[in-house]
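Colleague: Below is the file query31.pdb, with PDB, C-alpha atoms.
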```pdb
ATOM      1  CA  MET A   1     -60.372 -88.142  44.607  1.00  0.00           C
ATOM      2  CA  ILE A   2     -57.561 -90.256  43.211  1.00  0.00           C
ATOM      3  CA  ALA A   3     -53.913 -90.106  44.169  1.00  0.00           C
ATOM      4  CA  CYS A   4     -50.620 -91.456  42.963  1.00  0.00           C
ATOM      5  CA  ARG A   5     -46.987 -91.242  44.087  1.00  0.00           C
ATOM      6  CA  LEU A   6     -44.252 -91.193  41.468  1.00  0.00           C
ATOM      7  CA  ARG A   7     -40.645 -91.837  42.314  1.00  0.00           C
ATOM      8  CA  LEU A   8     -38.666 -89.994  39.691  1.00  0.00           C
ATOM      9  CA  GLU A   9     -35.585 -91.710  38.419  1.00  0.00           C
ATOM     10  CA  ALA A  10     -33.646 -91.283  35.232  1.00  0.00           C
ATOM     11  CA  ASP A  11     -35.379 -92.696  32.181  1.00  0.00           C
ATOM     12  CA  GLU A  12     -38.255 -94.269  34.012  1.00  0.00           C
ATOM     13  CA  GLU A  13     -41.803 -94.564  32.814  1.00  0.00           C
ATOM     14  CA  VAL A  14     -43.012 -91.372  34.469  1.00  0.00           C
ATOM     15  CA  SER A  15     -44.775 -90.167  31.344  1.00  0.00           C
ATOM     16  CA  ARG A  16     -46.659 -93.457  31.061  1.00  0.00           C
ATOM     17  CA  THR A  17     -47.782 -93.276  34.672  1.00  0.00           C
ATOM     18  CA  ILE A  18     -48.918 -89.694  34.201  1.00  0.00           C
ATOM     19  CA  ALA A  19     -50.811 -90.620  31.043  1.00  0.00           C
ATOM     20  CA  ASP A  20     -52.648 -93.400  32.870  1.00  0.00           C
ATOM     21  CA  PHE A  21     -53.352 -91.235  35.905  1.00  0.00           C
ATOM     22  CA  VAL A  22     -54.666 -88.240  33.972  1.00  0.00           C
ATOM     23  CA  GLY A  23     -56.525 -90.527  31.588  1.00  0.00           C
ATOM     24  CA  ALA A  24     -58.437 -92.139  34.446  1.00  0.00           C
ATOM     25  CA  LEU A  25     -59.197 -88.779  36.035  1.00  0.00           C
ATOM     26  CA  SER A  26     -60.333 -87.302  32.715  1.00  0.00           C
ATOM     27  CA  GLN A  27     -62.646 -90.223  32.139  1.00  0.00           C
ATOM     28  CA  MET A  28     -64.177 -89.818  35.593  1.00  0.00           C
ATOM     29  CA  ALA A  29     -64.639 -86.097  34.939  1.00  0.00           C
ATOM     30  CA  GLU A  30     -66.015 -86.707  31.441  1.00  0.00           C
ATOM     31  CA  LEU A  31     -63.529 -84.339  29.853  1.00  0.00           C
ATOM     32  CA  THR A  32     -63.391 -84.104  26.081  1.00  0.00           C
ATOM     33  CA  PRO A  33     -60.396 -85.739  24.377  1.00  0.00           C
ATOM     34  CA  ARG A  34     -58.930 -82.285  23.773  1.00  0.00           C
ATOM     35  CA  GLN A  35     -59.304 -81.302  27.424  1.00  0.00           C
ATOM     36  CA  ALA A  36     -57.781 -84.614  28.525  1.00  0.00           C
ATOM     37  CA  TYR A  37     -54.851 -84.101  26.154  1.00  0.00           C
ATOM     38  CA  ARG A  38     -54.241 -80.576  27.461  1.00  0.00           C
ATOM     39  CA  LEU A  39     -54.303 -81.712  31.087  1.00  0.00           C
ATOM     40  CA  ARG A  40     -51.996 -84.648  30.415  1.00  0.00           C
ATOM     41  CA  LEU A  41     -49.521 -82.437  28.573  1.00  0.00           C
ATOM     42  CA  ALA A  42     -49.512 -79.851  31.354  1.00  0.00           C
ATOM     43  CA  VAL A  43     -48.979 -82.440  34.112  1.00  0.00           C
ATOM     44  CA  ASP A  44     -46.295 -84.178  32.055  1.00  0.00           C
ATOM     45  CA  GLU A  45     -44.419 -80.903  31.560  1.00  0.00           C
ATOM     46  CA  ILE A  46     -44.537 -79.887  35.223  1.00  0.00           C
ATOM     47  CA  ALA A  47     -43.407 -83.327  36.427  1.00  0.00           C
ATOM     48  CA  THR A  48     -40.680 -83.510  33.786  1.00  0.00           C
ATOM     49  CA  ASN A  49     -39.433 -80.091  34.843  1.00  0.00           C
ATOM     50  CA  VAL A  50     -39.241 -81.270  38.444  1.00  0.00           C
ATOM     51  CA  ALA A  51     -37.265 -84.337  37.356  1.00  0.00           C
ATOM     52  CA  LEU A  52     -34.859 -82.444  35.105  1.00  0.00           C
ATOM     53  CA  HIS A  53     -34.324 -79.263  37.077  1.00  0.00           C
ATOM     54  CA  GLY A  54     -35.890 -79.553  40.514  1.00  0.00           C
ATOM     55  CA  TYR A  55     -34.167 -82.820  41.268  1.00  0.00           C
ATOM     56  CA  CYS A  56     -31.260 -82.000  38.937  1.00  0.00           C
ATOM     57  CA  ASP A  57     -31.785 -85.041  36.725  1.00  0.00           C
ATOM     58  CA  ALA A  58     -29.428 -87.443  38.465  1.00  0.00           C
ATOM     59  CA  ARG A  59     -30.965 -87.058  41.912  1.00  0.00           C
ATOM     60  CA  ARG A  60     -33.890 -89.164  42.854  1.00  0.00           C
ATOM     61  CA  GLY A  61     -37.017 -87.694  44.208  1.00  0.00           C
ATOM     62  CA  VAL A  62     -40.684 -88.133  44.797  1.00  0.00           C
ATOM     63  CA  VAL A  63     -43.571 -86.451  43.050  1.00  0.00           C
ATOM     64  CA  ASP A  64     -47.040 -86.885  44.461  1.00  0.00           C
ATOM     65  CA  LEU A  65     -50.046 -86.545  42.205  1.00  0.00           C
ATOM     66  CA  GLU A  66     -53.548 -86.041  43.486  1.00  0.00           C
ATOM     67  CA  GLY A  67     -56.574 -85.573  41.301  1.00  0.00           C
ATOM     68  CA  GLY A  68     -60.018 -84.331  42.138  1.00  0.00           C
ATOM     69  CA  MET A  69     -63.104 -82.636  40.784  1.00  0.00           C
ATOM     70  CA  ASP A  70     -66.232 -80.756  41.690  1.00  0.00           C
ATOM     71  CA  ASP A  71     -69.122 -79.639  39.510  1.00  0.00           C
ATOM     72  CA  GLU A  72     -67.083 -76.916  37.837  1.00  0.00           C
ATOM     73  CA  TRP A  73     -63.438 -77.968  37.883  1.00  0.00           C
ATOM     74  CA  VAL A  74     -61.166 -80.951  37.565  1.00  0.00           C
ATOM     75  CA  TRP A  75     -57.682 -80.553  38.975  1.00  0.00           C
ATOM     76  CA  VAL A  76     -54.366 -82.280  39.452  1.00  0.00           C
ATOM     77  CA  ARG A  77     -52.161 -81.326  42.393  1.00  0.00           C
ATOM     78  CA  ILE A  78     -48.453 -82.014  41.966  1.00  0.00           C
ATOM     79  CA  GLU A  79     -46.161 -81.899  44.996  1.00  0.00           C
ATOM     80  CA  ASP A  80     -42.406 -82.351  45.174  1.00  0.00           C
ATOM     81  CA  ASP A  81     -39.533 -81.869  47.617  1.00  0.00           C
ATOM     82  CA  ALA A  82     -37.246 -79.947  45.272  1.00  0.00           C
ATOM     83  CA  PRO A  83     -36.061 -76.419  46.105  1.00  0.00           C
ATOM     84  CA  ALA A  84     -38.793 -73.793  45.971  1.00  0.00           C
ATOM     85  CA  PHE A  85     -39.765 -72.885  42.436  1.00  0.00           C
ATOM     86  CA  ASP A  86     -42.870 -71.089  41.181  1.00  0.00           C
ATOM     87  CA  PRO A  87     -43.368 -71.973  37.480  1.00  0.00           C
ATOM     88  CA  ARG A  88     -45.267 -68.720  37.011  1.00  0.00           C
ATOM     89  CA  THR A  89     -41.967 -66.855  37.344  1.00  0.00           C
ATOM     90  CA  HIS A  90     -40.619 -68.507  34.206  1.00  0.00           C
ATOM     91  CA  ASP A  91     -40.581 -65.977  31.358  1.00  0.00           C
ATOM     92  CA  PRO A  92     -40.728 -67.646  27.941  1.00  0.00           C
ATOM     93  CA  GLY A  93     -40.808 -64.290  26.157  1.00  0.00           C
ATOM     94  CA  PRO A  94     -37.193 -64.165  24.939  1.00  0.00           C
ATOM     95  CA  LEU A  95     -37.326 -67.771  23.794  1.00  0.00           C
ATOM     96  CA  LEU A  96     -40.561 -67.306  21.875  1.00  0.00           C
ATOM     97  CA  ALA A  97     -39.260 -64.126  20.281  1.00  0.00           C
ATOM     98  CA  ALA A  98     -36.242 -65.914  18.830  1.00  0.00           C
ATOM     99  CA  PRO A  99     -36.567 -67.564  15.429  1.00  0.00           C
ATOM    100  CA  PRO A 100     -37.340 -71.256  16.021  1.00  0.00           C
ATOM    101  CA  ALA A 101     -34.293 -72.302  14.051  1.00  0.00           C
ATOM    102  CA  ARG A 102     -32.007 -70.366  16.403  1.00  0.00           C
ATOM    103  CA  ARG A 103     -33.579 -71.267  19.688  1.00  0.00           C
ATOM    104  CA  GLN A 104     -31.862 -73.058  22.477  1.00  0.00           C
ATOM    105  CA  ALA A 105     -33.244 -76.507  23.069  1.00  0.00           C
ATOM    106  CA  GLY A 106     -35.603 -76.583  26.008  1.00  0.00           C
ATOM    107  CA  GLY A 107     -37.437 -73.977  27.996  1.00  0.00           C
ATOM    108  CA  LEU A 108     -40.881 -74.362  26.467  1.00  0.00           C
ATOM    109  CA  GLY A 109     -42.296 -77.064  28.725  1.00  0.00           C
ATOM    110  CA  LEU A 110     -43.463 -74.711  31.472  1.00  0.00           C
ATOM    111  CA  TYR A 111     -44.959 -72.385  28.871  1.00  0.00           C
ATOM    112  CA  LEU A 112     -46.924 -75.305  27.431  1.00  0.00           C
ATOM    113  CA  ALA A 113     -48.102 -76.279  30.904  1.00  0.00           C
ATOM    114  CA  MET A 114     -49.368 -72.785  31.661  1.00  0.00           C
ATOM    115  CA  ARG A 115     -51.095 -72.372  28.328  1.00  0.00           C
ATOM    116  CA  ASN A 116     -52.869 -75.706  28.378  1.00  0.00           C
ATOM    117  CA  VAL A 117     -54.761 -75.331  31.643  1.00  0.00           C
ATOM    118  CA  ASP A 118     -57.592 -72.985  32.562  1.00  0.00           C
ATOM    119  CA  ALA A 119     -56.094 -72.036  35.926  1.00  0.00           C
ATOM    120  CA  PHE A 120     -52.854 -72.667  37.782  1.00  0.00           C
ATOM    121  CA  THR A 121     -51.804 -72.074  41.355  1.00  0.00           C
ATOM    122  CA  TYR A 122     -48.504 -72.456  43.156  1.00  0.00           C
ATOM    123  CA  ASP A 123     -47.969 -72.698  46.901  1.00  0.00           C
ATOM    124  CA  ARG A 124     -45.034 -73.595  49.118  1.00  0.00           C
ATOM    125  CA  VAL A 125     -46.526 -75.842  51.774  1.00  0.00           C
ATOM    126  CA  GLY A 126     -44.594 -77.652  54.471  1.00  0.00           C
ATOM    127  CA  GLY A 127     -41.325 -77.307  52.599  1.00  0.00           C
ATOM    128  CA  ARG A 128     -42.804 -78.730  49.411  1.00  0.00           C
ATOM    129  CA  ASN A 129     -43.735 -77.236  46.056  1.00  0.00           C
ATOM    130  CA  ARG A 130     -47.435 -77.559  45.337  1.00  0.00           C
ATOM    131  CA  ASN A 131     -48.563 -76.923  41.769  1.00  0.00           C
ATOM    132  CA  THR A 132     -52.269 -77.273  41.045  1.00  0.00           C
ATOM    133  CA  LEU A 133     -53.537 -77.423  37.484  1.00  0.00           C
ATOM    134  CA  TYR A 134     -57.218 -76.844  36.729  1.00  0.00           C
ATOM    135  CA  ILE A 135     -59.451 -77.543  33.762  1.00  0.00           C
ATOM    136  CA  VAL A 136     -62.994 -76.190  33.547  1.00  0.00           C
ATOM    137  CA  ARG A 137     -65.394 -79.095  33.135  1.00  0.00           C
ATOM    138  CA  LYS A 138     -68.299 -77.090  31.734  1.00  0.00           C
ATOM    139  CA  SER A 139     -66.532 -75.598  28.763  1.00  0.00           C
ATOM    140  CA  PRO A 140     -68.215 -75.059  25.390  1.00  0.00           C
ATOM    141  CA  ASP A 141     -66.353 -77.957  23.800  1.00  0.00           C
ATOM    142  CA  ASN A 142     -67.673 -80.705  26.028  1.00  0.00           C
ATOM    143  CA  GLY A 143     -71.058 -82.133  26.757  1.00  0.00           C
ATOM    144  CA  HIS A 144     -71.465 -80.322  30.054  1.00  0.00           C
ATOM    145  CA  GLY A 145     -71.902 -76.862  28.627  1.00  0.00           C
TER     146      GLY A 145
ATOM    147  CA  MET B   1     -46.752 -96.002  25.442  1.00  0.00           C
ATOM    148  CA  SER B   2     -44.593 -96.668  22.445  1.00  0.00           C
ATOM    149  CA  PHE B   3     -42.888 -94.753  19.730  1.00  0.00           C
ATOM    150  CA  ASN B   4     -41.638 -95.899  16.399  1.00  0.00           C
ATOM    151  CA  ALA B   5     -39.987 -93.996  13.598  1.00  0.00           C
ATOM    152  CA  LYS B   6     -38.733 -95.194  10.248  1.00  0.00           C
ATOM    153  CA  MET B   7     -36.906 -93.282   7.553  1.00  0.00           C
ATOM    154  CA  HIS B   8     -37.068 -93.587   3.791  1.00  0.00           C
ATOM    155  CA  VAL B   9     -34.780 -91.572   1.526  1.00  0.00           C
ATOM    156  CA  ALA B  10     -35.727 -90.973  -2.097  1.00  0.00           C
ATOM    157  CA  ASP B  11     -35.880 -88.166  -4.637  1.00  0.00           C
ATOM    158  CA  GLY B  12     -33.920 -85.750  -2.495  1.00  0.00           C
ATOM    159  CA  ALA B  13     -36.179 -86.149   0.505  1.00  0.00           C
ATOM    160  CA  ALA B  14     -35.766 -87.961   3.802  1.00  0.00           C
ATOM    161  CA  THR B  15     -39.218 -89.067   4.915  1.00  0.00           C
ATOM    162  CA  LEU B  16     -39.770 -90.106   8.519  1.00  0.00           C
ATOM    163  CA  ARG B  17     -42.996 -91.721   9.634  1.00  0.00           C
ATOM    164  CA  LEU B  18     -43.639 -91.090  13.318  1.00  0.00           C
ATOM    165  CA  VAL B  19     -45.957 -93.469  15.162  1.00  0.00           C
ATOM    166  CA  GLY B  20     -47.054 -93.358  18.785  1.00  0.00           C
ATOM    167  CA  GLU B  21     -46.033 -90.853  21.445  1.00  0.00           C
ATOM    168  CA  LEU B  22     -43.062 -88.517  21.331  1.00  0.00           C
ATOM    169  CA  ASP B  23     -41.820 -87.521  24.759  1.00  0.00           C
ATOM    170  CA  ARG B  24     -38.625 -87.258  26.791  1.00  0.00           C
ATOM    171  CA  ARG B  25     -37.932 -90.983  26.514  1.00  0.00           C
ATOM    172  CA  SER B  26     -38.605 -91.406  22.815  1.00  0.00           C
ATOM    173  CA  ALA B  27     -37.094 -88.146  21.539  1.00  0.00           C
ATOM    174  CA  PRO B  28     -33.516 -89.544  21.319  1.00  0.00           C
ATOM    175  CA  ARG B  29     -34.704 -92.101  18.752  1.00  0.00           C
ATOM    176  CA  LEU B  30     -36.024 -89.327  16.513  1.00  0.00           C
ATOM    177  CA  ASN B  31     -32.830 -87.339  16.966  1.00  0.00           C
ATOM    178  CA  GLU B  32     -30.825 -90.358  15.784  1.00  0.00           C
ATOM    179  CA  LEU B  33     -32.819 -90.430  12.560  1.00  0.00           C
ATOM    180  CA  ILE B  34     -32.438 -86.669  12.111  1.00  0.00           C
ATOM    181  CA  ILE B  35     -28.651 -87.073  12.331  1.00  0.00           C
ATOM    182  CA  GLU B  36     -28.832 -89.827   9.729  1.00  0.00           C
ATOM    183  CA  ALA B  37     -31.040 -87.700   7.484  1.00  0.00           C
ATOM    184  CA  ALA B  38     -28.592 -84.808   7.780  1.00  0.00           C
ATOM    185  CA  SER B  39     -25.839 -87.037   6.390  1.00  0.00           C
ATOM    186  CA  ARG B  40     -27.810 -87.960   3.280  1.00  0.00           C
ATOM    187  CA  GLN B  41     -27.657 -84.596   1.481  1.00  0.00           C
ATOM    188  CA  VAL B  42     -31.402 -84.246   1.011  1.00  0.00           C
ATOM    189  CA  LYS B  43     -33.303 -81.093   0.171  1.00  0.00           C
ATOM    190  CA  ARG B  44     -36.371 -81.875   2.244  1.00  0.00           C
ATOM    191  CA  LEU B  45     -36.960 -83.456   5.628  1.00  0.00           C
ATOM    192  CA  VAL B  46     -40.527 -84.750   5.666  1.00  0.00           C
ATOM    193  CA  LEU B  47     -42.199 -85.919   8.881  1.00  0.00           C
ATOM    194  CA  LEU B  48     -45.374 -87.949   8.434  1.00  0.00           C
ATOM    195  CA  MET B  49     -47.287 -87.038  11.574  1.00  0.00           C
ATOM    196  CA  ASP B  50     -50.743 -88.559  11.182  1.00  0.00           C
ATOM    197  CA  GLU B  51     -49.996 -91.457  13.530  1.00  0.00           C
ATOM    198  CA  LEU B  52     -48.240 -89.352  16.172  1.00  0.00           C
ATOM    199  CA  LYS B  53     -50.794 -89.199  18.976  1.00  0.00           C
ATOM    200  CA  TYR B  54     -48.908 -87.206  21.590  1.00  0.00           C
ATOM    201  CA  MET B  55     -46.004 -84.796  21.622  1.00  0.00           C
ATOM    202  CA  SER B  56     -44.522 -83.027  24.637  1.00  0.00           C
ATOM    203  CA  SER B  57     -41.939 -80.248  24.645  1.00  0.00           C
ATOM    204  CA  ALA B  58     -39.341 -82.969  24.050  1.00  0.00           C
ATOM    205  CA  GLY B  59     -40.749 -83.166  20.529  1.00  0.00           C
ATOM    206  CA  LEU B  60     -40.277 -79.427  20.118  1.00  0.00           C
ATOM    207  CA  ARG B  61     -36.640 -79.899  21.078  1.00  0.00           C
ATOM    208  CA  CYS B  62     -36.401 -82.413  18.234  1.00  0.00           C
ATOM    209  CA  LEU B  63     -37.583 -79.714  15.847  1.00  0.00           C
ATOM    210  CA  VAL B  64     -34.909 -77.349  17.152  1.00  0.00           C
ATOM    211  CA  PHE B  65     -32.388 -80.167  16.755  1.00  0.00           C
ATOM    212  CA  ALA B  66     -33.523 -80.736  13.157  1.00  0.00           C
ATOM    213  CA  HIS B  67     -33.026 -77.061  12.363  1.00  0.00           C
ATOM    214  CA  GLN B  68     -29.543 -77.176  13.812  1.00  0.00           C
ATOM    215  CA  LYS B  69     -28.429 -80.440  12.217  1.00  0.00           C
ATOM    216  CA  MET B  70     -29.914 -80.210   8.737  1.00  0.00           C
ATOM    217  CA  PRO B  71     -27.823 -78.221   6.243  1.00  0.00           C
ATOM    218  CA  ARG B  72     -28.946 -74.694   5.576  1.00  0.00           C
ATOM    219  CA  GLY B  73     -31.728 -74.504   3.012  1.00  0.00           C
ATOM    220  CA  VAL B  74     -33.242 -77.885   3.767  1.00  0.00           C
ATOM    221  CA  GLN B  75     -37.010 -77.551   4.000  1.00  0.00           C
ATOM    222  CA  ILE B  76     -38.708 -79.195   6.982  1.00  0.00           C
ATOM    223  CA  VAL B  77     -42.235 -80.353   6.219  1.00  0.00           C
ATOM    224  CA  LEU B  78     -44.796 -81.839   8.612  1.00  0.00           C
ATOM    225  CA  ILE B  79     -47.685 -83.698   7.006  1.00  0.00           C
ATOM    226  CA  GLY B  80     -50.975 -84.744   8.533  1.00  0.00           C
ATOM    227  CA  THR B  81     -50.315 -83.401  12.025  1.00  0.00           C
ATOM    228  CA  ARG B  82     -53.152 -84.160  14.449  1.00  0.00           C
ATOM    229  CA  PRO B  83     -54.971 -81.109  15.883  1.00  0.00           C
ATOM    230  CA  GLU B  84     -53.664 -81.410  19.456  1.00  0.00           C
ATOM    231  CA  VAL B  85     -50.071 -81.808  18.293  1.00  0.00           C
ATOM    232  CA  ALA B  86     -50.478 -78.995  15.758  1.00  0.00           C
ATOM    233  CA  GLU B  87     -51.751 -76.774  18.547  1.00  0.00           C
ATOM    234  CA  THR B  88     -48.514 -77.303  20.488  1.00  0.00           C
ATOM    235  CA  ILE B  89     -46.434 -76.495  17.413  1.00  0.00           C
ATOM    236  CA  LYS B  90     -48.373 -73.331  16.621  1.00  0.00           C
ATOM    237  CA  LEU B  91     -48.528 -72.195  20.232  1.00  0.00           C
ATOM    238  CA  THR B  92     -44.751 -72.135  20.366  1.00  0.00           C
ATOM    239  CA  GLY B  93     -44.281 -70.544  16.951  1.00  0.00           C
ATOM    240  CA  PHE B  94     -42.601 -73.449  15.220  1.00  0.00           C
ATOM    241  CA  ASP B  95     -45.051 -73.125  12.338  1.00  0.00           C
ATOM    242  CA  ARG B  96     -43.035 -70.046  11.357  1.00  0.00           C
ATOM    243  CA  SER B  97     -40.025 -72.138  10.448  1.00  0.00           C
ATOM    244  CA  ILE B  98     -41.545 -75.333   9.107  1.00  0.00           C
ATOM    245  CA  THR B  99     -44.160 -76.122   6.496  1.00  0.00           C
ATOM    246  CA  MET B 100     -47.305 -77.814   7.730  1.00  0.00           C
ATOM    247  CA  GLU B 101     -49.429 -79.668   5.213  1.00  0.00           C
ATOM    248  CA  ASP B 102     -52.700 -81.487   5.753  1.00  0.00           C
ATOM    249  CA  SER B 103     -51.959 -84.463   3.531  1.00  0.00           C
ATOM    250  CA  VAL B 104     -49.490 -85.764   1.015  1.00  0.00           C
ATOM    251  CA  GLU B 105     -49.627 -83.665  -2.123  1.00  0.00           C
ATOM    252  CA  ALA B 106     -50.417 -85.352  -5.380  1.00  0.00           C
ATOM    253  CA  PRO B 107     -47.296 -85.815  -7.499  1.00  0.00           C
TER     254      PRO B 107
END
```
Could the structure of this file be written out as structure tokens, please?
Modeller:
Amino acid sequence: MIACRLRLEADEEVSRTIADFVGALSQMAELTPRQAYRLRLAVDEIATNVALHGYCDARRGVVDLEGGMDDEWVWVRIEDDAPAFDPRTHDPGPLLAAPPARRQAGGLGLYLAMRNVDAFTYDRVGGRNRNTLYIVRKSPDNGHG
Amino acid sequence: MSFNAKMHVADGAATLRLVGELDRRSAPRLNELIIEAASRQVKRLVLLMDELKYMSSAGLRCLVFAHQKMPRGVQIVLIGTRPEVAETIKLTGFDRSITMEDSVEAP
């Protein structure tokens, strides 16, 4: 189990911290480079969404990251104090249906997060948002399978 | 994590080489170059992607920005995109509006 607390502020090195955190976890879990990339992207998108929308960009806030694994799964748990928001309620359908050239900027980060993990759960626990992102360790494209 | 982008304009094409990681922090730098490219009256915007190791949704917003800023009819071409980055582009349907090539075509 590894854990990390990020304090989100405008223009800080959150993405770098996430890359290092997920990179270390992926190495411990012996994920393939592709799996590690997918997990990093998903965590980056969820945390960025919290910073931009949950904490309304200018407000400061805390995001806690916790990583763990068992024989089958590796996961990252992301918790924040922003207003309740379940990313699974985000519907990217209208955005994806629009021609790319006419799309509004933004709105695809949560879709990328959902599509790049093997499982996702959301819970509201103790007044906090808890998003947990899972990758299957024993998938066909890594050495475990 | 670092990002670097340089632009070269010749033969009606603005060619941008992207190096490093494109995310929320680095995207404004690419947008600056897109604005500059849009002012140069080119027919093609070419992004050399083989050294771009990571791209978040902020990079997708750059593609939307390029569509909006470049004059109508300008072709947007991505060359040498790495598999993980290409997966993000295809997953979100941007391959419908841009041309993706494996390597630089012979003249």
Colleague: Between CA of Ala113 (chain A) and CA of Lys138 (chain A), what is the distance in Å, rounded to a tenth?
Modeller: 20.2 Å
Colleague: Expand the PyMOL selection byres ((chain A and resi 122-127) around 12) into the individual residues it matches in the shown file, reporting them as a PyMOL selection string.
Modeller: chain A and resi 46+77-89+114+119-121+128-134
Colleague: Determine the nearest neighbour of chain A from the options B:Ala38, B:Ala27, B:Leu91, B:Ala10, counting only C-alpha atoms.
Modeller: B:Leu91
Colleague: Written as JSON, numbers by chain, which residues does the PyMOL selection byres ((chain A) within 8 of (chain B)) give for the file shown?
Modeller: {"A": [11, 15, 16, 34, 37, 41, 44, 45, 96, 99, 100, 101, 102, 103, 104, 105, 106, 108, 109, 112]}
Colleague: Could you give me, as JSON, numbers by chain, the residues that have an atom at most 7 Å away from the point (-40.7, -88.1, 12.3) in the coordinates of the file, using all atoms listed in the file?
Modeller: {"B": [5, 16, 17, 18, 30, 47, 48, 49]}
Colleague: Scan for residues within 6 Å of the point (-28.9, -83.7, 17.0) in the coordinates of the file, using all atoms listed in the file, and reply as an mmCIF file with C-alpha atoms, keeping the file's coordinate frame.
Modeller:
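After the write, point-v2.cif holds the following:
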```cif
data_model
loop_
_atom_site.group_PDB
_atom_site.id
_atom_site.type_symbol
_atom_site.label_atom_id
_atom_site.label_comp_id
_atom_site.auth_asym_id
_atom_site.auth_seq_id
_atom_site.Cartn_x
_atom_site.Cartn_y
_atom_site.Cartn_z
ATOM 1 C CA ASN B 31 -32.830 -87.339 16.966
ATOM 2 C CA ILE B 35 -28.651 -87.073 12.331
ATOM 3 C CA PHE B 65 -32.388 -80.167 16.755
ATOM 4 C CA LYS B 69 -28.429 -80.440 12.217
#
```
